[in-house]
$ cat start.tsv   # TSV, C-alpha atoms
chain	number	residue	atom	x	y	z
T	1	MET	CA	32.18	10.66	-30.67
T	2	ASP	CA	29.01	9.54	-28.92
T	3	LEU	CA	25.94	10.81	-30.74
T	4	ALA	CA	23.23	9.23	-28.58
T	5	TYR	CA	22.97	8.95	-24.80
T	6	ILE	CA	20.73	9.89	-21.91
T	7	PRO	CA	21.98	13.10	-20.30
T	8	SER	CA	22.06	13.53	-16.54
T	9	PRO	CA	20.76	16.70	-14.90
T	10	SER	CA	23.46	19.18	-13.95
T	11	THR	CA	22.00	19.40	-10.47
T	12	GLY	CA	19.49	17.48	-8.38
T	13	VAL	CA	18.21	20.52	-6.51
T	14	ILE	CA	16.63	23.82	-7.44
T	15	HIS	CA	16.62	26.64	-4.89
T	16	LEU	CA	13.40	28.60	-4.57
T	17	GLY	CA	14.87	31.40	-2.52
T	18	PRO	CA	16.10	29.79	0.69
T	19	ILE	CA	13.98	26.66	0.08
T	20	PRO	CA	15.72	23.76	-1.72
T	21	LEU	CA	13.51	21.71	-4.06
T	22	ARG	CA	15.14	18.31	-4.53
T	23	GLY	CA	14.33	16.03	-7.45
T	24	TYR	CA	14.86	12.90	-5.35
T	25	ALA	CA	12.26	14.00	-2.80
T	26	PHE	CA	9.79	14.96	-5.52
T	27	CYS	CA	10.05	11.50	-7.08
T	28	ILE	CA	9.38	9.82	-3.73
T	29	ILE	CA	6.37	12.05	-3.02
T	30	ILE	CA	4.88	11.55	-6.49
T	31	GLY	CA	5.38	7.80	-6.15
T	32	VAL	CA	3.48	7.75	-2.86
T	33	PHE	CA	0.55	9.64	-4.39
T	34	VAL	CA	0.43	7.23	-7.34
T	35	ALA	CA	0.43	4.22	-5.01
T	36	VAL	CA	-2.38	5.64	-2.85
T	37	TRP	CA	-4.45	6.68	-5.88
T	38	LEU	CA	-4.28	3.28	-7.58
T	39	GLY	CA	-4.64	1.42	-4.30
T	40	ASN	CA	-7.79	3.40	-3.49
T	41	LYS	CA	-9.36	2.52	-6.85
T	42	ARG	CA	-8.59	-1.17	-6.36
T	43	TRP	CA	-9.83	-1.12	-2.77
T	44	ILE	CA	-13.17	0.40	-3.78
T	45	ALA	CA	-13.50	-2.20	-6.57
T	46	ARG	CA	-13.07	-4.91	-3.91
T	47	GLY	CA	-15.95	-3.45	-1.89
T	48	GLY	CA	-13.96	-1.19	0.43
T	49	THR	CA	-14.55	2.40	1.45
T	50	ALA	CA	-12.96	5.37	-0.28
T	51	GLY	CA	-10.23	6.91	1.86
T	52	THR	CA	-9.31	3.73	3.73
T	53	VAL	CA	-6.10	3.23	1.74
T	54	ALA	CA	-4.97	6.79	2.46
T	55	ASP	CA	-5.78	6.44	6.16
T	56	ILE	CA	-3.62	3.33	6.45
T	57	ALA	CA	-0.89	4.89	4.29
T	58	VAL	CA	-0.51	7.54	6.99
T	59	TRP	CA	0.98	4.73	9.08
T	60	ALA	CA	2.69	2.74	6.33
T	61	VAL	CA	4.59	5.53	4.55
T	62	PRO	CA	6.55	6.93	7.54
T	63	PHE	CA	7.40	3.42	8.69
T	64	GLY	CA	8.50	2.57	5.15
T	65	LEU	CA	10.77	5.61	4.87
T	66	VAL	CA	12.42	4.82	8.18
T	67	GLY	CA	12.82	1.15	7.24
T	68	GLY	CA	14.27	1.98	3.85
T	69	ARG	CA	16.80	4.34	5.34
T	70	LEU	CA	17.76	1.93	8.12
T	71	TYR	CA	18.40	-0.86	5.62
T	72	HIS	CA	20.62	1.40	3.52
T	73	VAL	CA	22.61	2.73	6.48
T	74	ILE	CA	23.09	-0.74	8.00
T	75	THR	CA	24.16	-2.42	4.76
T	76	ASP	CA	26.36	0.53	3.68
T	77	TYR	CA	27.56	1.58	7.11
T	78	GLN	CA	31.06	2.32	5.79
T	79	LEU	CA	29.68	5.38	3.99
T	80	TYR	CA	28.76	6.98	7.30
T	81	PHE	CA	30.79	5.44	10.10
T	82	SER	CA	34.21	4.84	8.54
T	83	GLU	CA	37.22	7.01	9.31
T	84	GLY	CA	36.86	10.42	7.73
T	85	GLU	CA	33.07	10.09	7.23
T	86	ASN	CA	30.44	12.14	9.03
T	87	TRP	CA	27.79	9.99	10.77
T	88	VAL	CA	25.32	12.89	10.57
T	89	ASP	CA	25.06	12.19	6.83
T	90	ALA	CA	23.12	9.04	7.72
T	91	PHE	CA	20.11	11.28	8.35
T	92	LYS	CA	20.35	13.13	5.01
T	93	ILE	CA	17.72	11.07	3.24
T	94	TRP	CA	17.36	13.69	0.49
T	95	GLU	CA	20.83	12.77	-0.80
T	96	GLY	CA	19.57	9.32	-1.73
T	97	GLY	CA	19.78	5.94	-0.07
T	98	LEU	CA	16.55	4.02	0.51
T	99	GLY	CA	16.61	0.23	0.56
T	100	ILE	CA	13.37	-1.20	-0.82
T	101	TRP	CA	13.75	-4.32	1.33
T	102	GLY	CA	13.67	-2.31	4.55
T	103	ALA	CA	10.96	-0.01	3.21
T	104	ILE	CA	8.61	-2.90	2.46
T	105	ALA	CA	9.39	-4.75	5.71
T	106	LEU	CA	8.89	-1.84	8.09
T	107	GLY	CA	6.16	-0.34	5.90
T	108	ALA	CA	4.24	-3.58	6.37
T	109	VAL	CA	4.45	-3.07	10.13
T	110	GLY	CA	2.95	0.39	9.76
T	111	ALA	CA	0.24	-0.97	7.46
T	112	TRP	CA	-0.54	-3.69	10.00
T	113	ILE	CA	-1.05	-1.07	12.70
T	114	GLY	CA	-3.34	0.95	10.42
T	115	CYS	CA	-5.31	-2.13	9.37
T	116	ARG	CA	-5.71	-3.28	12.95
T	117	ARG	CA	-7.12	0.10	13.94
T	118	ARG	CA	-9.69	-0.16	11.13
T	119	GLY	CA	-10.49	-3.85	11.64
T	120	ILE	CA	-9.20	-4.73	8.15
T	121	PRO	CA	-7.24	-7.87	7.17
T	122	LEU	CA	-3.70	-6.91	6.18
T	123	PRO	CA	-3.45	-9.42	3.27
T	124	ALA	CA	-6.47	-7.86	1.54
T	125	TYR	CA	-4.98	-4.39	1.90
T	126	ALA	CA	-1.61	-5.62	0.62
T	127	ASP	CA	-3.27	-7.12	-2.47
T	128	ALA	CA	-5.00	-3.82	-3.25
T	129	ILE	CA	-1.88	-1.70	-2.87
T	130	ALA	CA	0.64	-4.07	-4.54
T	131	PRO	CA	0.63	-2.71	-8.13
T	132	GLY	CA	0.61	0.83	-6.77
T	133	ILE	CA	3.81	0.10	-4.83
T	134	ALA	CA	5.43	-1.15	-8.03
T	135	LEU	CA	4.48	2.07	-9.83
T	136	ALA	CA	5.75	4.10	-6.88
T	137	GLN	CA	9.11	2.35	-7.26
T	138	ALA	CA	9.08	3.09	-10.99
T	139	VAL	CA	8.66	6.80	-10.29
T	140	GLY	CA	11.03	6.81	-7.33
T	141	ARG	CA	13.90	5.36	-9.37
T	142	TRP	CA	14.05	8.62	-11.33
T	143	GLY	CA	15.27	10.21	-8.13
T	144	ASN	CA	18.50	8.24	-8.69
T	145	TRP	CA	18.77	9.91	-12.10
T	146	PHE	CA	18.65	13.34	-10.46
T	147	ASN	CA	21.41	12.29	-8.04
T	148	GLN	CA	23.50	10.53	-10.73
T	149	GLU	CA	23.69	7.30	-8.73
T	150	LEU	CA	23.06	3.56	-9.05
T	151	TYR	CA	24.20	3.23	-12.65
T	152	GLY	CA	25.65	0.11	-14.26
T	153	ARG	CA	28.75	-0.91	-16.14
T	154	PRO	CA	30.26	1.24	-18.92
T	155	THR	CA	28.53	0.83	-22.28
T	156	ASP	CA	28.36	2.41	-25.73
T	157	LEU	CA	24.68	1.61	-26.32
T	158	PRO	CA	22.51	4.44	-27.71
T	159	TRP	CA	20.60	4.61	-24.43
T	160	ALA	CA	23.71	4.85	-22.28
T	161	LEU	CA	23.55	7.21	-19.31
T	162	LYS	CA	26.05	10.06	-19.26
T	163	ILE	CA	27.54	10.58	-15.81
T	164	THR	CA	29.58	13.68	-15.00
T	165	ALA	CA	32.59	13.69	-12.71
T	166	GLY	CA	31.83	14.11	-9.02
T	167	PRO	CA	32.46	12.71	-5.55
T	168	ASN	CA	32.88	8.92	-5.76
T	169	ARG	CA	32.09	8.78	-9.49
T	170	GLU	CA	33.94	9.04	-12.77
T	171	ALA	CA	32.64	10.69	-15.91
T	172	GLY	CA	31.56	8.34	-18.66
T	173	LEU	CA	28.72	6.44	-20.28
T	174	TYR	CA	27.08	3.69	-18.25
T	175	HIS	CA	24.09	1.35	-18.29
T	176	PRO	CA	21.06	3.29	-16.97
T	177	THR	CA	20.09	0.67	-14.38
T	178	PHE	CA	17.69	3.17	-12.80
T	179	LEU	CA	15.78	3.19	-16.10
T	180	TYR	CA	15.87	-0.61	-16.41
T	181	GLU	CA	14.38	-0.99	-12.95
T	182	SER	CA	11.79	1.72	-13.55
T	183	LEU	CA	10.55	-0.01	-16.70
T	184	TRP	CA	10.64	-3.40	-14.98
T	185	CYS	CA	8.47	-2.07	-12.13
T	186	VAL	CA	5.90	-0.78	-14.63
T	187	GLY	CA	5.79	-4.27	-16.13
T	188	VAL	CA	5.39	-5.79	-12.64
T	189	ALA	CA	2.43	-3.51	-11.92
T	190	LEU	CA	0.73	-4.51	-15.17
T	191	LEU	CA	1.43	-8.20	-14.47
T	192	VAL	CA	-0.16	-8.03	-11.01
T	193	ILE	CA	-3.23	-6.18	-12.31
T	194	TRP	CA	-3.72	-8.72	-15.10
T	195	ALA	CA	-3.16	-11.77	-12.89
T	196	ASP	CA	-5.47	-10.41	-10.19
T	197	ARG	CA	-8.29	-9.95	-12.71
T	198	ARG	CA	-7.65	-13.28	-14.41
T	199	PHE	CA	-7.22	-15.50	-11.35
T	200	LYS	CA	-8.98	-13.51	-8.59
T	201	LEU	CA	-5.94	-13.50	-6.32
T	202	GLY	CA	-6.63	-13.10	-2.63
T	203	HIS	CA	-5.24	-13.52	0.88
T	204	GLY	CA	-2.00	-11.73	0.01
T	205	ARG	CA	-1.18	-13.62	-3.17
T	206	ALA	CA	-1.31	-10.54	-5.42
T	207	PHE	CA	1.22	-8.90	-3.12
T	208	ALA	CA	3.37	-12.03	-3.14
T	209	LEU	CA	3.29	-12.04	-6.96
T	210	TYR	CA	4.50	-8.42	-6.94
T	211	VAL	CA	7.34	-9.33	-4.58
T	212	ALA	CA	8.41	-12.37	-6.62
T	213	ALA	CA	8.25	-10.51	-9.95
T	214	TYR	CA	10.17	-7.54	-8.62
T	215	CYS	CA	12.88	-9.74	-7.13
T	216	ALA	CA	13.30	-11.57	-10.44
T	217	GLY	CA	14.14	-8.29	-12.15
T	218	ARG	CA	16.09	-6.78	-9.28
T	219	GLY	CA	18.45	-9.75	-9.31
T	220	TRP	CA	19.82	-9.22	-12.81
T	221	ILE	CA	19.67	-5.41	-12.62
T	222	GLU	CA	21.59	-5.44	-9.32
T	223	TYR	CA	24.20	-7.69	-10.92
T	224	MET	CA	24.91	-4.96	-13.51
T	225	ARG	CA	25.58	-2.19	-10.99
T	226	VAL	CA	29.11	-1.01	-10.21
T	227	ASP	CA	28.55	1.11	-7.10
T	228	GLU	CA	30.21	-0.03	-3.89
T	229	ALA	CA	28.45	-2.91	-2.12
T	230	HIS	CA	29.14	-5.85	0.17
T	231	HIS	CA	29.66	-9.21	-1.52
T	232	ILE	CA	28.93	-12.74	-0.30
T	233	LEU	CA	30.36	-15.67	-2.29
T	234	GLY	CA	31.04	-13.34	-5.19
T	235	LEU	CA	27.51	-11.88	-5.37
T	236	ARG	CA	26.30	-8.52	-4.15
T	237	LEU	CA	24.30	-8.57	-0.91
T	238	ASN	CA	21.16	-7.31	-2.65
T	239	VAL	CA	21.35	-10.14	-5.18
T	240	TRP	CA	21.26	-12.68	-2.36
T	241	THR	CA	18.39	-10.75	-0.75
T	242	ALA	CA	16.45	-10.82	-4.03
T	243	ILE	CA	16.96	-14.58	-4.38
T	244	ILE	CA	15.85	-15.36	-0.82
T	245	VAL	CA	12.83	-13.06	-0.89
T	246	PHE	CA	11.81	-14.44	-4.31
T	247	LEU	CA	11.79	-18.00	-2.97
T	248	LEU	CA	9.81	-16.98	0.11
T	249	ALA	CA	7.21	-15.20	-2.03
T	250	VAL	CA	6.77	-18.20	-4.33
T	251	VAL	CA	6.40	-20.57	-1.37
T	252	TYR	CA	3.79	-18.28	0.16
T	253	MET	CA	1.76	-18.21	-3.06
T	254	VAL	CA	1.77	-22.02	-3.34
T	255	VAL	CA	0.94	-22.70	0.30
T	256	SER	CA	-1.65	-19.92	0.53
T	257	ALA	CA	-3.47	-21.17	-2.57
T	258	LYS	CA	-3.86	-24.60	-0.94
T	259	VAL	CA	-4.72	-23.45	2.57
T	260	ARG	CA	-6.95	-20.48	1.69
T	261	PRO	CA	-8.09	-20.71	-1.94
T	262	GLY	CA	-10.18	-18.02	-3.55
T	263	ARG	CA	-10.50	-14.41	-2.53
T	264	GLU	CA	-11.89	-12.62	0.51
T	265	GLU	CA	-15.59	-11.86	0.06
T	266	THR	CA	-15.42	-8.97	2.53
T	267	VAL	CA	-12.47	-6.59	2.87
T	268	GLU	CA	-14.01	-4.26	5.44
T	269	PRO	CA	-15.96	-6.34	7.98
T	270	ARG	CA	-17.27	-3.30	9.88
T	271	LYS	CA	-18.71	-1.79	6.72
T	272	ALA	CA	-20.39	-5.09	5.80
T	273	ALA	CA	-21.85	-5.44	9.29
T	274	GLU	CA	-23.30	-1.95	9.22
T	275	ALA	CA	-24.78	-2.46	5.76
T	276	GLY	CA	-26.27	-5.92	6.36
T	277	GLU	CA	-27.20	-6.15	10.01
T	278	LYS	CA	-27.91	-2.74	11.45
T	279	PRO	CA	-31.68	-1.98	11.48
T	280	ALA	CA	-33.18	1.33	10.57
T	281	GLU	CA	-32.62	4.04	13.14
T	282	GLY	CA	-35.06	3.66	16.04
T	283	ALA	CA	-36.55	0.44	14.69
T	284	GLU	CA	-34.83	-1.79	17.20
T	285	ASP	CA	-35.99	0.26	20.20
T	286	ALA	CA	-39.54	0.36	18.91
T	287	ALA	CA	-39.61	-3.39	18.42
T	288	THR	CA	-38.30	-3.96	21.93
T	289	ASP	CA	-40.93	-1.68	23.45
T	290	ARG	CA	-43.76	-3.45	21.64
T	291	ASP	CA	-42.54	-6.89	22.63
T	292	ALA	CA	-42.64	-5.81	26.27
T	293	GLU	CA	-46.29	-4.62	26.14
T	294	PRO	CA	-49.19	-6.85	27.32
T	295	ALA	CA	-51.30	-8.36	24.59
T	296	GLU	CA	-54.36	-6.24	25.49
T	297	VAL	CA	-52.36	-3.00	25.31
T	298	ALA	CA	-50.71	-4.10	22.10
T	299	GLY	CA	-54.12	-4.83	20.61
T	300	ASP	CA	-55.45	-1.43	21.56
T	301	ARG	CA	-52.29	0.16	20.12
T	302	ALA	CA	-52.75	-1.74	16.86
T	303	VAL	CA	-56.31	-0.45	16.60
T	304	GLU	CA	-55.14	3.06	17.26
T	305	ASP	CA	-52.47	2.76	14.60
T	306	LYS	CA	-54.92	1.54	11.95
T	307	VAL	CA	-58.21	3.44	12.63
T	308	PRO	CA	-58.20	7.17	13.40
T	309	GLY	CA	-60.58	8.02	16.29
T	310	ALA	CA	-60.71	4.41	17.40
T	311	ASP	CA	-60.50	5.43	21.04
T	312	GLU	CA	-63.86	7.29	20.85
T	313	ASP	CA	-65.58	4.38	19.12
T	314	ALA	CA	-64.20	1.99	21.69
T	315	ASP	CA	-65.60	4.11	24.55
T	316	GLN	CA	-69.07	4.25	22.94
T	317	ALA	CA	-69.04	0.50	22.30
T	318	GLY	CA	-68.09	-0.09	25.91
T	319	GLU	CA	-71.03	1.96	27.19
T	320	LYS	CA	-73.45	0.03	25.00
T	321	ARG	CA	-72.09	-3.28	26.31
T	322	LYS	CA	-72.60	-2.08	29.86
T	323	ASP	CA	-76.22	-1.04	29.16
T	324	GLY	CA	-76.97	-4.37	27.49
T	325	ALA	CA	-75.45	-6.30	30.32
T	326	GLY	CA	-77.53	-4.38	32.88
T	327	ASN	CA	-80.79	-5.06	31.04
T	328	GLY	CA	-79.99	-8.69	30.69
T	329	ALA	CA	-79.28	-9.04	34.37
T	330	GLY	CA	-82.61	-7.39	35.29
T	331	ALA	CA	-84.66	-9.78	33.09
T	332	GLY	CA	-83.03	-12.82	34.49
T	333	GLY	CA	-83.89	-11.70	38.07
T	334	ARG	CA	-87.54	-11.37	37.26

$ encode --input "start.tsv" --output "structure tokens"
Amino acid sequence: MDLAYIPSPSTGVIHLGPIPLRGYAFCIIIGVFVAVWLGNKRWIARGGTAGTVADIAVWAVPFGLVGGRLYHVITDYQLYFSEGENWVDAFKIWEGGLGIWGAIALGAVGAWIGCRRRGIPLPAYADAIAPGIALAQAVGRWGNWFNQELYGRPTDLPWALKITAGPNREAGLYHPTFLYESLWCVGVALLVIWADRRFKLGHGRAFALYVAAYCAGRGWIEYMRVDEAHHILGLRLNVWTAIIVFLLAVVYMVVSAKVRPGREETVEPRKAAEAGEKPAEGAEDAATDRDAEPAEVAGDRAVEDKVPGADEDADQAGEKRKDGAGNGAGAGGR
């Protein structure tokens, strides 16, 4: 008799009248909010403007969701396009099935569009959002718990996950690989935050560290899973993907550190230009007008600016000079 295990929810959806509230969707939404919240704090600490991360996320998140779904459908096409399967199910994202590789790849395209519109370097944005993405993954993995999917091999460990009988699954106790990956992602987020503070990572290296660290964990966690997957040379496709992406991330960190050492001093060039170069309102026009004035007019204007009533004194002084000049001219004629 098993005395200790992690129970699975009896259902992944709660109906609020005619409206279905799905646990998987809630986990994804909460994860997005966590990523934007932490990314915003890190962006402001780097000298950016509040709200910039959310503005760019408006582009990145939809692209990421589409990319994640495309990767899943392409790599597990037999679930939707084999004989007896309904291809319409490929659009039912709420039933689970988001590939992180596709989500990051296409999400980066959306982020690039958002950054370009704001005049922001994509690597700086990626560094700010990296630990938030890891935490979003940690939260999102609990959506697999609601759907009773992506578990590992059978086990009798006290933290085993109890799976009930259902379509394409057998009842039993299995390794909770969703929990392993969730905890690993929390550790990745903390690692990136620490390393970024310790070494002042810049030019995309904090993001590359997140990618490398995540892949290192995803490799051994993926190896434990027993759900259907394509294999190449005896390894699951996602294991090979993790290995390749890990190597690419490490190479990027090494090369980037040599080519572009240090960290970006400015993450929002437009903001820095406005703060450091733009003169006070109206000052530039006033300076231009004064430079265009003749010296005599400028002198009179300077007197007017400094001495109230200077125009009256100047008129009286002018009359006296005229009188003196007239008297002098008369004496010289005599």

$ residues_around --input "start.tsv" --residues "stretch 151-158 of chain T" --least-positions-apart "3" --cutoff "7 Å" --atoms "all atoms listed in the file" --output "PyMOL selection string"
chain T and resi 4-5+173-178+224-226

$ residues_around --input "start.tsv" --residues "T:Ile6" --least-positions-apart "3" --cutoff "6 Å" --atoms "all atoms listed in the file" --output "PDB file with C-alpha atoms, in the frame of the given file"
ATOM      1  CA  TRP T 159      20.600   4.610 -24.430  1.00  0.00           C
ATOM      2  CA  ALA T 160      23.710   4.850 -22.280  1.00  0.00           C
ATOM      3  CA  LEU T 161      23.550   7.210 -19.310  1.00  0.00           C
ATOM      4  CA  LYS T 162      26.050  10.060 -19.260  1.00  0.00           C
TER       5      LYS T 162
END

$ residues_around --input "start.tsv" --residues "stretch 104-118 of chain T" --least-positions-apart "6" --cutoff "7 Å" --atoms "only C-alpha atoms" --output "VMD selection string"
chain T and resid 56 to 57 59 to 61 63 to 64 67

$ residues_around --input "start.tsv" --residues "T:Pro121" --least-positions-apart "2" --cutoff "10 Å" --atoms "all atoms listed in the file" --output "PyMOL selection string"
chain T and resi 112+115-116+118-119+123-126+203-204+264+266-269

$ write_last_selection --input "start.tsv" --atoms "C-alpha atoms" --output "compact mmCIF listing (two decimals), keeping the file's coordinate frame"
# COMPACT_ATOMS: atom_id res chain seq x y z
CA TRP T 112 -0.54 -3.69 10.00
CA CYS T 115 -5.31 -2.13 9.37
CA ARG T 116 -5.71 -3.28 12.95
CA ARG T 118 -9.69 -0.16 11.13
CA GLY T 119 -10.49 -3.85 11.64
CA PRO T 123 -3.45 -9.42 3.27
CA ALA T 124 -6.47 -7.86 1.54
CA TYR T 125 -4.98 -4.39 1.90
CA ALA T 126 -1.61 -5.62 0.62
CA HIS T 203 -5.24 -13.52 0.88
CA GLY T 204 -2.00 -11.73 0.01
CA GLU T 264 -11.89 -12.62 0.51
CA THR T 266 -15.42 -8.97 2.53
CA VAL T 267 -12.47 -6.59 2.87
CA GLU T 268 -14.01 -4.26 5.44
CA PRO T 269 -15.96 -6.34 7.98

$ closest_atom_pairs --input "start.tsv" --of "stretch 129-167 of chain T" --to "stretch 21-38 of chain T" --cutoff "8 Å" --atoms "only C-alpha atoms" --output "tab-separated table"
residue	atom	partner	partner_atom	distance
T:Ile129	CA	T:Ala35	CA	6.7
T:Pro131	CA	T:Ala35	CA	7.6
T:Gly132	CA	T:Ala35	CA	3.8
T:Ile133	CA	T:Ala35	CA	5.3
T:Ala134	CA	T:Ala35	CA	7.9
T:Leu135	CA	T:Ala35	CA	6.7
T:Ala136	CA	T:Gly31	CA	3.8
T:Gln137	CA	T:Gly31	CA	6.7
T:Ala138	CA	T:Gly31	CA	7.7
T:Val139	CA	T:Gly31	CA	5.4
T:Gly140	CA	T:Cys27	CA	4.8
T:Arg141	CA	T:Cys27	CA	7.6
T:Trp142	CA	T:Cys27	CA	6.5
T:Gly143	CA	T:Tyr24	CA	3.9
T:Asn144	CA	T:Tyr24	CA	6.8
T:Phe146	CA	T:Gly23	CA	5.9
T:Asn147	CA	T:Tyr24	CA	7.1

$ residues_around --input "start.tsv" --residues "T:Glu222" --least-positions-apart "4" --cutoff "12 Å" --atoms "all atoms listed in the file" --output "PyMOL selection string"
chain T and resi 150-153+175-178+180-181+214-218+226-229+231+235-243

$ write_last_selection --input "start.tsv" --atoms "C-alpha atoms" --output "PDB file, keeping the file's coordinate frame"
ATOM      1  CA  LEU T 150      23.060   3.560  -9.050  1.00  0.00           C
ATOM      2  CA  TYR T 151      24.200   3.230 -12.650  1.00  0.00           C
ATOM      3  CA  GLY T 152      25.650   0.110 -14.260  1.00  0.00           C
ATOM      4  CA  ARG T 153      28.750  -0.910 -16.140  1.00  0.00           C
ATOM      5  CA  HIS T 175      24.090   1.350 -18.290  1.00  0.00           C
ATOM      6  CA  PRO T 176      21.060   3.290 -16.970  1.00  0.00           C
ATOM      7  CA  THR T 177      20.090   0.670 -14.380  1.00  0.00           C
ATOM      8  CA  PHE T 178      17.690   3.170 -12.800  1.00  0.00           C
ATOM      9  CA  TYR T 180      15.870  -0.610 -16.410  1.00  0.00           C
ATOM     10  CA  GLU T 181      14.380  -0.990 -12.950  1.00  0.00           C
ATOM     11  CA  TYR T 214      10.170  -7.540  -8.620  1.00  0.00           C
ATOM     12  CA  CYS T 215      12.880  -9.740  -7.130  1.00  0.00           C
ATOM     13  CA  ALA T 216      13.300 -11.570 -10.440  1.00  0.00           C
ATOM     14  CA  GLY T 217      14.140  -8.290 -12.150  1.00  0.00           C
ATOM     15  CA  ARG T 218      16.090  -6.780  -9.280  1.00  0.00           C
ATOM     16  CA  VAL T 226      29.110  -1.010 -10.210  1.00  0.00           C
ATOM     17  CA  ASP T 227      28.550   1.110  -7.100  1.00  0.00           C
ATOM     18  CA  GLU T 228      30.210  -0.030  -3.890  1.00  0.00           C
ATOM     19  CA  ALA T 229      28.450  -2.910  -2.120  1.00  0.00           C
ATOM     20  CA  HIS T 231      29.660  -9.210  -1.520  1.00  0.00           C
ATOM     21  CA  LEU T 235      27.510 -11.880  -5.370  1.00  0.00           C
ATOM     22  CA  ARG T 236      26.300  -8.520  -4.150  1.00  0.00           C
ATOM     23  CA  LEU T 237      24.300  -8.570  -0.910  1.00  0.00           C
ATOM     24  CA  ASN T 238      21.160  -7.310  -2.650  1.00  0.00           C
ATOM     25  CA  VAL T 239      21.350 -10.140  -5.180  1.00  0.00           C
ATOM     26  CA  TRP T 240      21.260 -12.680  -2.360  1.00  0.00           C
ATOM     27  CA  THR T 241      18.390 -10.750  -0.750  1.00  0.00           C
ATOM     28  CA  ALA T 242      16.450 -10.820  -4.030  1.00  0.00           C
ATOM     29  CA  ILE T 243      16.960 -14.580  -4.380  1.00  0.00           C
TER      30      ILE T 243
END

$ closest_residue --input "start.tsv" --among "T:Ser8, T:Cys185, T:Ala165, T:Ala171" --to "T:Ile221" --atoms "only C-alpha atoms"
T:Cys185

$ atom_distance --input "start.tsv" --atom1 "atom CA of T:Thr75" --atom2 "atom CA of T:Arg169"
19.8 Å

$ atom_distance --input "start.tsv" --atom1 "atom CA of T:Gln148" --atom2 "atom CA of T:Phe246"
28.3 Å

$ closest_residue --input "start.tsv" --among "T:Val88, T:Val66, T:Ile93, T:Leu201" --to "T:Arg260" --atoms "all atoms listed in the file"
T:Leu201

$ residues_near_point --input "start.tsv" --point "(5.1, -12.7, -9.2)" --cutoff "10 Å" --atoms "only C-alpha atoms" --output "ChimeraX atom specification"
/T:188-189,191-192,195,205-216,246,249-250,253

$ atom_distance --input "start.tsv" --atom1 "atom CA of T:Leu183" --atom2 "atom CA of T:Gly219"
14.6 Å

$ closest_residue --input "start.tsv" --among "T:Arg197, T:Gly12, T:Leu247, T:Ala128" --to "T:Gly47" --atoms "all atoms listed in the file"
T:Ala128

$ closest_residue --input "start.tsv" --among "T:Leu98, T:Val53, T:Ile163, T:Leu65" --to "T:Trp145" --atoms "all atoms listed in the file"
T:Ile163

$ closest_residue --input "start.tsv" --among "T:Val251, T:Ile100, T:Ile244, T:Ile74" --to "T:His230" --atoms "only C-alpha atoms"
T:Ile74
